[in-house]
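Taking it in order: structure first as structure tokens, then the write-up.
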Amino acid sequence: MPGVIKFTRQTYTMCYPNVKSYALEKTKKNKALVTSGGCAINMYPSDLQYDLGTKSCDQRNMNRTMIIAQISDLHIGHEGKGKTCKNTQRLKTVVRTLTELRRKPDVLVITGDLVEYGEVWAYEALKEALSPIEFPIHMAFGNHDNREAFKKVYPDTRYTDGFFQYTLEDGPVRIIVLDTLEEGRHGGSFCETRALWLERELDKQPDRPTLIALHHPPIKTGIGWLSADPSDDWVKRLKHVISKYDNVEHIMAGHIHRAIFKSFAKTSLSVTDAIAIQSKLELADIDPDIPDGRGLFVDSRPGFCLQYWDGESFTTHSGQSPCGKTLIHFNEKHSHVVKHTMDIGL
Ligand SMILES: [Fe+2]
Ligand SMILES: [Fe+2]
């Protein structure tokens with residue numbers, strides 16, 4: 001018989017015949033905190049019901065929530081060595097926003113185009129700009145990056161078969177970071193060697209929720225000059241591998257310099273706004289031989305994503321920094337706003 005924790009509006013009841021070691025406490029905001037062995041598992045709004053099932057303790061811990069912050073397309077050093085770098089200033093703005101969040105991200109994943117020209121000094125500037133961040137930082141390469149220069153600044157970097165691909169196992173969600181860089185080429189690349197590695201990684205834990213991070217989104221977007229071609233070998237190769245697994249919960253990418261949401265290989269895919277300038281939203285067909293005067297990039301605020309894992313699925317939140325002046329705070333005066341929204345005390 002499966003175990004069930006049921007939360008009602010003001011109280012909660014528990015029924016979990018298979019689980020003996022859970023503690024449940026009600027917190028101030030009428031939510032419940034479920035703990036097992038001192039480890040917080042999840043918080044649920046009132047009126048939610050959660051089925052514990054007959055899962056093992058480890059599997060239950062996998063139901064913990066997780067926040068993966070994502071930034072992309074930093075293009076540090078765009079103006080050249082020794083010049084004031086606008087993109088570094090934009091990065092620092094987003095870093096401030098992330099570090100000021102009440103709930104800090106569990107990890108930051110940066111999905112490529114870390115620097116503009118692949119130079120060592122730019123990676124050093126990147127490292128310095130990221131230094132206020134206290135949660136773990138992991139990176140992927142974009143088409144502007146350089147494997148050798150990166151390794152000089154981050155000497156602990158390990159390349160697998162020559163590629164910067166690795167898996168993060170610490171959280172409730174596995175994060176697999178892919179390398180789609182082919183130096184000298186603007187578009188993406190994903191050769192047989194990289195595909196075989198991905199398949200081996202996915203084979204290791206085919207039931208565990210997995211997030212894939214990469215620079216180039218393997219999708220058509222309607223912005224023709226920045227999109228991948230679905231008939232490209234690298235796109236077909238990536239799609240073939242990911243489609244074989246049901247546990248790839250989400251794919252997150254960069255490169256387009258614009259927030260985009262789509263499905264790919266039977267899962268969801270998001271692209272984050274860039275730290276650097278954003279591409280203009282214009283979906284008219286483009287002829288590379290006819291410059292028609294359209295806008296290509298615009299000077300809008302730097303953006304980021306928070307990939308929120310609720311224990312069962314991802315929600316992608318797209319944010320910009322600065323996020324704007326707060327107009328209403330959750331204080332005594334405005335506590336009714338939250339209660340009213342949550343239909344509490346009606
Ligand atoms: Fe970029
Ligand atoms: Fe790129």
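FYI, nothing fancy with the structure tokens labels: chains A, B, ... in order, residues from 1 per chain, ligands from 1 as they appear.
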Original post:
So which residues are near ligand 1, meaning at most 10 Å away with only C-alpha atoms and all ligand atoms counted, given back as an MDAnalysis selection string?
Top reply: chainID A and resid 72:75 111:116 142:145 186 215:216 226 254:258 273:279
Hey, can you spit out that residue selection with C-alpha atoms as a PDB file, in the first residue's frame?
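File produced: part-v9.pdb:
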ATOM      1  CA  SER A  72      24.892  32.204 -20.871  1.00  0.00           C
ATOM      2  CA  ASP A  73      26.648  34.165 -23.581  1.00  0.00           C
ATOM      3  CA  LEU A  74      28.749  36.401 -21.408  1.00  0.00           C
ATOM      4  CA  HIS A  75      31.189  37.380 -24.165  1.00  0.00           C
ATOM      5  CA  THR A 111      26.184  27.549 -20.934  1.00  0.00           C
ATOM      6  CA  GLY A 112      28.973  28.893 -23.051  1.00  0.00           C
ATOM      7  CA  ASP A 113      30.312  31.853 -24.968  1.00  0.00           C
ATOM      8  CA  LEU A 114      32.060  32.631 -21.722  1.00  0.00           C
ATOM      9  CA  VAL A 115      34.393  35.098 -23.423  1.00  0.00           C
ATOM     10  CA  GLU A 116      34.445  36.862 -26.770  1.00  0.00           C
ATOM     11  CA  GLY A 142      30.275  27.947 -26.700  1.00  0.00           C
ATOM     12  CA  ASN A 143      31.564  28.766 -30.147  1.00  0.00           C
ATOM     13  CA  HIS A 144      33.542  31.751 -28.807  1.00  0.00           C
ATOM     14  CA  ASP A 145      35.484  29.651 -26.293  1.00  0.00           C
ATOM     15  CA  HIS A 186      29.915  29.336 -35.330  1.00  0.00           C
ATOM     16  CA  HIS A 215      25.527  25.880 -25.611  1.00  0.00           C
ATOM     17  CA  HIS A 216      23.943  25.364 -29.015  1.00  0.00           C
ATOM     18  CA  LEU A 226      20.958  31.915 -35.337  1.00  0.00           C
ATOM     19  CA  GLY A 254      22.189  29.468 -24.821  1.00  0.00           C
ATOM     20  CA  HIS A 255      23.635  30.874 -28.058  1.00  0.00           C
ATOM     21  CA  ILE A 256      20.467  32.548 -29.378  1.00  0.00           C
ATOM     22  CA  HIS A 257      20.753  35.517 -26.962  1.00  0.00           C
ATOM     23  CA  ARG A 258      17.005  35.350 -26.353  1.00  0.00           C
ATOM     24  CA  ASP A 273      18.559  35.390 -22.428  1.00  0.00           C
ATOM     25  CA  ALA A 274      22.215  36.361 -22.758  1.00  0.00           C
ATOM     26  CA  ILE A 275      24.363  38.292 -20.339  1.00  0.00           C
ATOM     27  CA  ALA A 276      25.590  40.232 -23.384  1.00  0.00           C
ATOM     28  CA  ILE A 277      23.246  42.036 -25.786  1.00  0.00           C
ATOM     29  CA  GLN A 278      20.050  40.227 -26.825  1.00  0.00           C
ATOM     30  CA  SER A 279      19.087  39.256 -30.342  1.00  0.00           C
TER      31      SER A 279
END
Original post:
Which residue gives the smallest distance to ligand 2 among A:Lys152, A:Lys220, A:Arg185, A:Arg294, with only C-alpha atoms and all ligand atoms counted?
Top reply: A:Arg185
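The two atoms in question, CA of Ser131 (chain A) and CA of Leu178 (chain A), are spaced 23.8 Å apart.
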Subject >> Separation of CA of Thr93 (chain A) from CA of Asn331 (chain A) in Å >> reply: 26.2 Å
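Note that the spacing between CA of Val298 (chain A) and CA of Glu282 (chain A) amounts to 11.3 Å.
The closest residue to ligand 2, picked from A:Ala125, A:Ile68, A:Ile133, A:Ala228 and counting only C-alpha atoms and all ligand atoms, is A:Ala228.
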**OP:** List every residue of region 73-224 of chain A that DSSP, applied to the backbone of this structure, places in strand (DSSP E or B), and write the result as a list in words.
**Re:** Ile76, Val107, Leu108, Val109, Ile110, Thr111, Val115, Ile137, His138, Met139, Ala140, Thr160, Phe163, Tyr166, Thr167, Leu168, Arg174, Ile175, Ile176, Val177, Thr210, Leu211, Ile212 and Ala213 of chain A
Subject >> Selection near Trp121 (chain A), 12 Å with only C-alpha atoms, sequence-local residues under 4 positions removed, as a PyMOL selection string >> reply: chain A and resi 76-78+80-83+115-117+125-128+149-150+152-153
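Closest approach to ligand 2 among A:Ala140, A:Leu269, A:Ile175, A:Cys191: A:Ala140, based on only C-alpha atoms and all ligand atoms.
When only C-alpha atoms are used to measure the gap to Pro136 (chain A), the shortest distance among A:Gln70, A:Thr97, A:Ser231, A:Thr160 belongs to A:Gln70.
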